[in-house]
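Listing of run.txt, compact mmCIF, C-alpha atoms
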# COMPACT_ATOMS: atom_id res chain seq x y z
CA MET A 14 -63.98 -22.63 -124.84
CA THR A 15 -65.05 -26.20 -124.05
CA ALA A 16 -67.21 -28.07 -126.49
CA ALA A 17 -70.79 -28.76 -125.47
CA PRO A 18 -71.18 -32.26 -124.08
CA LYS A 19 -72.54 -34.77 -126.54
CA PRO A 20 -75.94 -36.25 -125.77
CA PRO A 21 -75.94 -39.92 -124.74
CA LEU A 22 -77.00 -42.61 -127.20
CA ASP A 23 -77.43 -46.33 -126.59
CA ILE A 24 -76.93 -48.43 -129.72
CA LEU A 25 -78.55 -51.87 -129.61
CA LEU A 26 -76.65 -53.99 -132.12
CA CYS A 27 -78.70 -56.84 -133.54
CA ALA A 28 -77.08 -60.27 -133.69
CA PRO A 29 -76.99 -62.13 -136.00
CA ARG A 30 -76.52 -59.46 -138.69
CA GLY A 31 -74.57 -59.01 -141.89
CA PHE A 32 -72.96 -61.68 -144.05
CA CYS A 33 -74.57 -65.10 -144.20
CA ALA A 34 -72.75 -68.29 -145.21
CA GLY A 35 -74.02 -68.11 -148.81
CA VAL A 36 -72.75 -64.55 -149.26
CA VAL A 37 -69.38 -65.37 -147.69
CA ARG A 38 -69.06 -68.33 -150.08
CA ALA A 39 -69.93 -66.21 -153.15
CA ILE A 40 -67.50 -63.40 -152.30
CA ASP A 41 -64.78 -65.91 -151.41
CA ALA A 42 -65.40 -67.63 -154.76
CA VAL A 43 -64.61 -64.43 -156.67
CA GLU A 44 -61.53 -63.71 -154.55
CA LYS A 45 -60.25 -67.29 -154.81
CA ALA A 46 -60.77 -67.27 -158.60
CA LEU A 47 -58.70 -64.08 -158.79
CA THR A 48 -55.97 -65.72 -156.67
CA LEU A 49 -55.93 -68.92 -158.75
CA HIS A 50 -56.39 -67.47 -162.23
CA GLY A 51 -55.52 -63.77 -162.00
CA ALA A 52 -57.57 -60.89 -163.37
CA PRO A 53 -59.92 -60.47 -165.02
CA VAL A 54 -62.56 -62.78 -163.57
CA TYR A 55 -66.02 -62.18 -165.02
CA VAL A 56 -69.13 -62.22 -162.85
CA ARG A 57 -72.63 -62.44 -164.30
CA HIS A 58 -74.76 -59.88 -162.42
CA GLU A 59 -73.89 -58.58 -158.95
CA ILE A 60 -72.32 -61.43 -156.99
CA VAL A 61 -74.41 -60.23 -154.01
CA HIS A 62 -76.71 -57.23 -153.69
CA ASN A 63 -74.31 -54.78 -152.11
CA LYS A 64 -72.70 -51.92 -154.03
CA TYR A 65 -69.80 -51.62 -151.58
CA VAL A 66 -68.90 -55.30 -152.02
CA VAL A 67 -69.21 -55.11 -155.81
CA GLU A 68 -66.99 -52.01 -156.04
CA SER A 69 -64.39 -53.64 -153.78
CA LEU A 70 -64.25 -56.73 -156.01
CA LYS A 71 -64.01 -54.55 -159.13
CA ARG A 72 -60.86 -52.95 -157.70
CA LYS A 73 -59.37 -56.43 -157.29
CA GLY A 74 -60.01 -57.37 -160.93
CA ALA A 75 -63.58 -58.68 -161.11
CA VAL A 76 -65.57 -57.53 -164.14
CA PHE A 77 -69.36 -57.56 -163.74
CA VAL A 78 -71.50 -58.22 -166.82
CA ALA A 79 -75.24 -58.41 -167.39
CA GLU A 80 -75.08 -61.32 -169.84
CA LEU A 81 -72.54 -63.90 -171.00
CA SER A 82 -72.45 -62.27 -174.44
CA GLU A 83 -70.45 -59.44 -172.84
CA VAL A 84 -67.57 -61.78 -171.87
CA PRO A 85 -64.85 -61.24 -174.51
CA ASP A 86 -62.50 -64.07 -173.53
CA ALA A 87 -63.85 -67.63 -173.12
CA SER A 88 -60.66 -68.74 -171.38
CA ARG A 89 -61.32 -66.53 -168.34
CA PRO A 90 -63.43 -67.74 -165.39
CA VAL A 91 -67.09 -66.69 -165.37
CA ILE A 92 -68.90 -66.82 -162.01
CA PHE A 93 -72.68 -67.01 -161.51
CA SER A 94 -74.05 -64.97 -158.60
CA ALA A 95 -75.30 -66.23 -155.23
CA HIS A 96 -78.92 -65.67 -156.31
CA GLY A 97 -78.88 -68.50 -158.84
CA VAL A 98 -79.50 -68.47 -162.59
CA PRO A 99 -81.97 -70.02 -165.06
CA LYS A 100 -80.82 -73.31 -166.63
CA SER A 101 -80.33 -71.50 -169.93
CA VAL A 102 -77.31 -69.65 -168.50
CA PRO A 103 -75.04 -72.62 -167.68
CA ALA A 104 -76.23 -74.23 -170.94
CA GLU A 105 -75.05 -71.15 -172.86
CA ALA A 106 -71.76 -71.15 -170.95
CA GLN A 107 -71.19 -74.80 -171.85
CA ALA A 108 -72.07 -74.21 -175.52
CA ARG A 109 -69.49 -71.41 -175.64
CA ASN A 110 -66.85 -73.47 -173.77
CA PHE A 111 -66.67 -71.01 -170.88
CA PHE A 112 -64.90 -71.91 -167.65
CA ALA A 113 -68.03 -71.41 -165.52
CA ILE A 114 -68.14 -71.44 -161.72
CA ASP A 115 -71.52 -71.57 -160.02
CA ALA A 116 -71.59 -69.56 -156.77
CA THR A 117 -75.33 -70.05 -156.23
CA CYS A 118 -76.12 -70.25 -152.52
CA PRO A 119 -76.72 -73.92 -151.61
CA LEU A 120 -80.01 -72.93 -149.96
CA VAL A 121 -81.21 -71.46 -153.29
CA THR A 122 -80.04 -74.61 -155.07
CA LYS A 123 -82.18 -76.57 -152.60
CA VAL A 124 -85.26 -74.66 -153.84
CA HIS A 125 -84.27 -75.37 -157.46
CA ARG A 126 -84.01 -79.11 -156.74
CA GLU A 127 -87.35 -79.12 -154.92
CA ALA A 128 -89.05 -77.49 -157.89
CA GLU A 129 -87.52 -80.05 -160.25
CA VAL A 130 -88.71 -82.97 -158.10
CA HIS A 131 -92.26 -81.57 -157.95
CA HIS A 132 -92.25 -81.13 -161.73
CA LYS A 133 -91.06 -84.70 -162.33
CA ARG A 134 -93.90 -85.93 -160.12
CA GLY A 135 -96.47 -84.09 -162.22
CA ARG A 136 -97.18 -81.28 -159.79
CA HIS A 137 -97.81 -77.64 -160.70
CA ILE A 138 -95.56 -75.38 -158.62
CA LEU A 139 -96.51 -72.17 -156.86
CA LEU A 140 -93.50 -69.95 -156.14
CA VAL A 141 -94.00 -67.36 -153.39
CA GLY A 142 -91.65 -64.48 -154.21
CA HIS A 143 -91.08 -61.08 -155.79
CA ALA A 144 -91.30 -60.67 -159.57
CA GLY A 145 -88.06 -59.56 -161.18
CA HIS A 146 -85.79 -60.61 -158.31
CA PRO A 147 -82.80 -62.57 -159.66
CA GLU A 148 -83.55 -65.49 -157.36
CA VAL A 149 -87.12 -65.75 -158.66
CA ILE A 150 -85.93 -65.50 -162.27
CA GLY A 151 -83.43 -68.27 -161.57
CA THR A 152 -85.96 -70.58 -159.88
CA MET A 153 -88.60 -70.11 -162.59
CA GLY A 154 -85.90 -70.72 -165.18
CA GLN A 155 -85.23 -74.23 -163.87
CA LEU A 156 -88.37 -75.54 -165.56
CA PRO A 157 -90.28 -75.09 -168.84
CA PRO A 158 -92.55 -72.01 -169.20
CA GLY A 159 -95.87 -72.50 -167.45
CA ALA A 160 -94.57 -75.06 -164.94
CA ILE A 161 -94.40 -72.47 -162.15
CA THR A 162 -96.89 -69.77 -161.14
CA LEU A 163 -95.52 -66.79 -159.19
CA ILE A 164 -97.50 -65.75 -156.10
CA GLU A 165 -96.63 -62.30 -154.72
CA THR A 166 -99.67 -61.25 -152.68
CA LEU A 167 -102.80 -62.48 -150.92
CA GLU A 168 -104.74 -61.13 -153.89
CA ASP A 169 -102.76 -63.48 -156.14
CA VAL A 170 -103.89 -66.36 -153.94
CA ALA A 171 -107.53 -65.31 -154.20
CA THR A 172 -107.46 -64.99 -158.01
CA LEU A 173 -105.28 -68.02 -158.74
CA THR A 174 -106.65 -70.49 -161.28
CA PRO A 175 -104.25 -73.44 -161.30
CA PRO A 176 -104.18 -76.08 -164.05
CA GLU A 177 -107.03 -78.56 -163.63
CA GLY A 178 -106.37 -82.10 -162.53
CA ARG A 179 -102.78 -81.52 -161.34
CA PRO A 180 -101.62 -81.64 -157.71
CA LEU A 181 -100.09 -78.43 -156.35
CA ALA A 182 -96.84 -77.84 -154.46
CA TYR A 183 -95.21 -74.62 -153.29
CA VAL A 184 -91.68 -73.30 -152.85
CA THR A 185 -90.56 -69.83 -151.73
CA GLN A 186 -87.86 -67.29 -152.36
CA THR A 187 -85.26 -67.61 -149.57
CA THR A 188 -85.15 -63.91 -148.57
CA LEU A 189 -88.81 -63.10 -147.86
CA SER A 190 -90.48 -61.71 -144.76
CA VAL A 191 -91.21 -64.69 -142.53
CA ASP A 192 -94.53 -63.20 -141.38
CA ASP A 193 -95.72 -62.14 -144.85
CA THR A 194 -94.87 -65.53 -146.27
CA ARG A 195 -96.66 -67.33 -143.46
CA GLY A 196 -99.83 -65.38 -144.27
CA ILE A 197 -99.62 -66.20 -147.99
CA VAL A 198 -98.89 -69.88 -147.36
CA GLU A 199 -101.80 -70.14 -144.90
CA ALA A 200 -104.11 -68.59 -147.50
CA LEU A 201 -102.85 -71.07 -150.13
CA GLN A 202 -103.39 -73.99 -147.75
CA THR A 203 -106.91 -72.79 -146.97
CA ARG A 204 -107.78 -72.63 -150.69
CA PHE A 205 -105.89 -75.81 -151.59
CA PRO A 206 -105.86 -78.18 -148.59
CA ALA A 207 -103.86 -80.82 -150.49
CA LEU A 208 -101.04 -78.33 -151.26
CA ILE A 209 -97.64 -80.00 -150.83
CA ALA A 210 -95.16 -78.09 -148.66
CA PRO A 211 -91.35 -78.16 -148.72
CA HIS A 212 -89.74 -80.82 -146.50
CA LYS A 213 -87.93 -77.98 -144.78
CA GLU A 214 -88.86 -74.29 -144.94
CA ASP A 215 -87.32 -72.49 -147.92
CA ILE A 216 -86.77 -69.11 -146.22
CA CYS A 217 -83.13 -69.40 -145.22
CA TYR A 218 -81.83 -69.54 -141.66
CA ALA A 219 -80.04 -66.19 -142.05
CA THR A 220 -83.15 -64.32 -143.19
CA THR A 221 -85.16 -65.80 -140.30
CA ASN A 222 -82.49 -65.11 -137.67
CA ARG A 223 -81.94 -61.50 -138.74
CA GLN A 224 -85.67 -60.79 -138.72
CA GLU A 225 -86.04 -62.32 -135.23
CA ALA A 226 -83.24 -60.09 -133.88
CA VAL A 227 -84.91 -57.00 -135.36
CA LYS A 228 -88.26 -58.00 -133.81
CA ARG A 229 -86.55 -58.16 -130.41
CA VAL A 230 -84.82 -54.78 -130.74
CA ALA A 231 -87.36 -52.67 -132.68
CA PRO A 232 -89.85 -52.08 -129.82
CA LEU A 233 -87.01 -50.98 -127.51
CA VAL A 234 -85.53 -48.16 -129.64
CA ASP A 235 -86.46 -44.72 -131.02
CA GLY A 236 -85.09 -45.53 -134.46
CA LEU A 237 -83.45 -48.40 -136.34
CA ILE A 238 -81.00 -48.46 -139.23
CA VAL A 239 -80.59 -51.41 -141.56
CA VAL A 240 -77.24 -51.34 -143.35
CA GLY A 241 -77.74 -52.65 -146.88
CA SER A 242 -78.45 -51.88 -150.52
CA PRO A 243 -81.93 -50.90 -151.76
CA ASN A 244 -81.96 -53.83 -154.22
CA SER A 245 -81.29 -56.33 -151.41
CA SER A 246 -84.53 -58.20 -150.70
CA ASN A 247 -83.53 -59.43 -147.25
CA SER A 248 -82.41 -55.90 -146.24
CA GLN A 249 -85.71 -54.36 -147.34
CA ARG A 250 -87.57 -57.01 -145.34
CA LEU A 251 -85.58 -56.12 -142.21
CA ARG A 252 -86.68 -52.49 -142.50
CA GLU A 253 -90.31 -53.57 -142.90
CA VAL A 254 -90.05 -55.92 -139.92
CA ALA A 255 -88.75 -53.07 -137.73
CA GLU A 256 -91.63 -50.85 -138.83
CA ARG A 257 -94.24 -53.49 -138.06
CA ALA A 258 -92.66 -54.27 -134.70
CA GLY A 259 -93.35 -50.70 -133.57
CA CYS A 260 -90.13 -48.84 -134.32
CA PRO A 261 -91.02 -45.15 -134.96
CA VAL A 262 -88.30 -44.62 -137.58
CA SER A 263 -86.67 -47.37 -139.65
CA ARG A 264 -84.38 -46.64 -142.57
CA LEU A 265 -82.25 -48.63 -145.01
CA VAL A 266 -78.86 -47.04 -145.73
CA LEU A 267 -75.68 -48.30 -147.35
CA ARG A 268 -73.19 -45.67 -146.15
CA THR A 269 -73.14 -42.81 -143.63
CA ASP A 270 -73.77 -40.18 -146.30
CA GLU A 271 -77.28 -41.63 -146.74
CA ILE A 272 -78.30 -40.99 -143.10
CA ASP A 273 -81.00 -38.34 -142.75
CA TRP A 274 -79.84 -36.78 -139.50
CA SER A 275 -83.10 -34.82 -139.13
CA LEU A 276 -84.83 -38.17 -138.47
CA PHE A 277 -82.32 -39.26 -135.83
CA GLY A 278 -81.68 -35.92 -134.11
CA ASP A 279 -83.37 -36.52 -130.75
CA ILE A 280 -83.05 -40.27 -130.33
CA ARG A 281 -81.67 -41.86 -127.19
CA ARG A 282 -81.73 -45.50 -128.29
CA LEU A 283 -80.81 -46.68 -131.81
CA GLY A 284 -81.20 -50.17 -133.22
CA LEU A 285 -78.62 -51.24 -135.80
CA THR A 286 -78.52 -54.30 -138.05
CA ALA A 287 -77.24 -55.28 -141.49
CA GLY A 288 -78.63 -57.28 -144.38
CA ALA A 289 -77.06 -60.61 -145.29
CA SER A 290 -74.92 -59.04 -148.05
CA ALA A 291 -73.63 -56.06 -146.01
CA PRO A 292 -70.09 -56.24 -144.58
CA GLU A 293 -69.41 -55.47 -140.92
CA VAL A 294 -67.08 -52.59 -141.88
CA LEU A 295 -70.18 -50.60 -142.96
CA VAL A 296 -71.84 -51.23 -139.60
CA GLU A 297 -68.73 -49.91 -137.87
CA GLU A 298 -68.79 -46.87 -140.16
CA ILE A 299 -72.36 -46.09 -139.05
CA ILE A 300 -71.43 -46.46 -135.36
CA ASP A 301 -68.47 -44.08 -135.86
CA ALA A 302 -70.74 -41.49 -137.51
CA PHE A 303 -73.11 -41.55 -134.52
CA ALA A 304 -70.14 -41.44 -132.11
CA GLU A 305 -69.13 -38.08 -133.65
CA ARG A 306 -72.49 -36.65 -132.57
CA TYR A 307 -73.33 -38.65 -129.44
CA GLU A 308 -71.70 -40.22 -126.41
CA VAL A 309 -72.25 -43.76 -127.61
CA THR A 310 -72.57 -47.01 -125.71
CA VAL A 311 -73.02 -50.22 -127.69
CA GLU A 312 -74.89 -53.28 -126.49
CA THR A 313 -75.35 -56.47 -128.53
CA VAL A 314 -78.76 -58.14 -128.49
CA SER A 315 -78.35 -61.73 -129.68
CA THR A 316 -81.20 -64.07 -130.58
CA ALA A 317 -79.29 -66.94 -132.27
CA ASP A 318 -75.81 -68.33 -132.83
CA GLU A 319 -74.82 -69.03 -136.43
CA SER A 320 -72.18 -71.58 -137.34
CA VAL A 321 -73.26 -72.47 -140.89
CA PHE A 322 -70.43 -72.87 -143.40
CA PHE A 323 -70.58 -73.72 -147.10
CA PRO A 324 -67.43 -74.94 -148.91
CA LEU A 325 -66.26 -73.18 -152.06
CA PRO A 326 -67.40 -74.45 -155.47
CA ARG A 327 -65.44 -77.58 -156.44
CA GLU A 328 -63.51 -75.75 -159.21
CA LEU A 329 -61.94 -73.40 -156.63
CA ARG A 330 -60.71 -75.86 -154.03
CA GLY A 331 -57.31 -76.41 -155.67
CA GLU A 332 -54.02 -74.58 -155.40
CA PRO A 333 -52.77 -71.78 -157.71
CA ALA A 334 -51.66 -73.14 -161.06
CA ALA A 335 -47.90 -73.36 -161.57
CA SER A 336 -46.47 -70.73 -163.87
CA PRO A 337 -45.13 -71.92 -167.27
CA ALA A 338 -41.56 -71.18 -166.13
CA GLU A 339 -41.74 -73.69 -163.28
Reformat the file's structure so that it appears as structure tokens.
Amino acid sequence: MTAAPKPPLDILLCAPRGFCAGVVRAIDAVEKALTLHGAPVYVRHEIVHNKYVVESLKRKGAVFVAELSEVPDASRPVIFSAHGVPKSVPAEAQARNFFAIDATCPLVTKVHREAEVHHKRGRHILLVGHAGHPEVIGTMGQLPPGAITLIETLEDVATLTPPEGRPLAYVTQTTLSVDDTRGIVEALQTRFPALIAPHKEDICYATTNRQEAVKRVAPLVDGLIVVGSPNSSNSQRLREVAERAGCPVSRLVLRTDEIDWSLFGDIRRLGLTAGASAPEVLVEEIIDAFAERYEVTVETVSTADESVFFPLPRELRGEPAASPAE
């Protein structure tokens, strides 16, 4: 008895998608530290927001901790995540003589430096971002309490009472929705016409490029899947962008076992992308799962070419240390 023919399915693969240069640098930093110094290598918080990546690094000898107080051996490398950390963290590492390696994305570091410059020039800083996100905690932790006010919504703009007599400047989290942020910034500029903007937009190139690709694909498909973790800000924004661009069904999943097949049962065109911390192997896994149920054709829809590269932290650019016997 012959099997029933599988229904056809066109998969429109968004490009760019997946790992950005900052994520590649952070993951490479952990792997290079393991190569140079052996296991264990300690990592404060998730190096990037992707459970698959974190579990893979754990198997190689990385140990993830919430705080530096959990690191039992000061002689082992301790790596700070790509999202950045408050200044108190490297200060604590130095006080405890830790071998600390900062894997903060250079584009996040750019926001930190901007905030510091504004503060030195006597400006009060408005940070557009999401409360509780590690990047926001890190940026606010660059300066004394009260130096930065967090702005999350248009309502925050309307109710904001900034310090009197001080000029205002704004910075933003790097992984926000481009459209949402534009609306908030425009509202801030309307209320505060003298508001000082960043020299160059803070939302990173990778976030912008991935959102543009989703905007192109979302109106053309019956459903769209974003491969990524639920705690990944840029992945959540991709799902929202697809929804707003008219895609009937948009879902964020990390692995195939999270796919709700009842939502994708009758589709003929599927959009597929991945957040900046999701590896391509997970995208391929999703395609394979659909290929078991459909006769799949895959077409790439590209909106930008990415060639950005960030070198490893300075401490990791050497060669493996010679063994004592040599």
**Message:** For a quick check of understanding, using only C-alpha atoms, which of A:Pro158, A:Pro21, A:Pro103, A:Pro29 has the smallest distance to A:Glu225?
**Reply:** A:Pro29
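With all atoms listed in the file as the atoms that count, the residue of A:Leu329, A:Val67, A:Ala160, A:Ile238 with the shortest distance to A:Ile300 is A:Ile238.
Residues lying within 7 Å of stretch 254-256 of chain A, counting only C-alpha atoms and ignoring same-chain neighbours fewer than 6 positions away, are Gln224, Val227, Lys228, Ala231 and Ser263 of chain A.
With distances taken over only C-alpha atoms, A:Phe303 is the one residue among A:Tyr65, A:Phe303, A:Phe93, A:Phe111 lying closest to A:Ile272.
Between atom CA of A:Val191 and atom CA of A:Cys217 the separation is 9.7 Å.
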**Shell around A:Thr185 at 9 Å using only C-alpha atoms, local window under 5 positions removed, as a ChimeraX atom specification** = /A:124,139-142,149,194,211,214-216
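Counting from atom CA of A:Leu120, the distance to atom CA of A:Leu181 is 21.8 Å.
Across the model, the gap from atom CA of A:Thr117 to atom CA of A:Leu47 is 17.9 Å.
When all atoms listed in the file are used to measure the gap to A:Lys19, the shortest distance among A:Pro85, A:Pro326, A:Gly278, A:Gly241 belongs to A:Gly278.
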**Request:** Find the residues near A:Asn110: any atom within 12 Å, counting only C-alpha atoms, skip ones fewer than 5 places away on the same chain, and give them as a ChimeraX atom specification.
**Result:** /A:81,84,86-91,103-105
**Distance query A:Leu295 at most 9 Å, only C-alpha atoms, self and fewer than 2 positions along chain excluded, as a PyMOL selection string** = chain A and resi 65+240-241+267-269+287+291-293+297-300
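The smallest atom-to-atom distance between A:Thr286 and any of A:Tyr55, A:Trp274, A:Tyr307, A:Phe32, using only C-alpha atoms, is found for A:Phe32.
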**Message:** Need to verify the contact set: A:Asp192, 10 Å, only C-alpha atoms, exclusion of same-chain residues closer than 3 positions in sequence. Can you return it as a PyMOL selection string?
**Reply:** chain A and resi 189+195-198+221+224+254
**Prompt:** Pick the closest to A:Lys123 from A:Arg252, A:His58, A:His96, A:Arg282: which is it, counting all atoms listed in the file?
**Reply:** A:His96
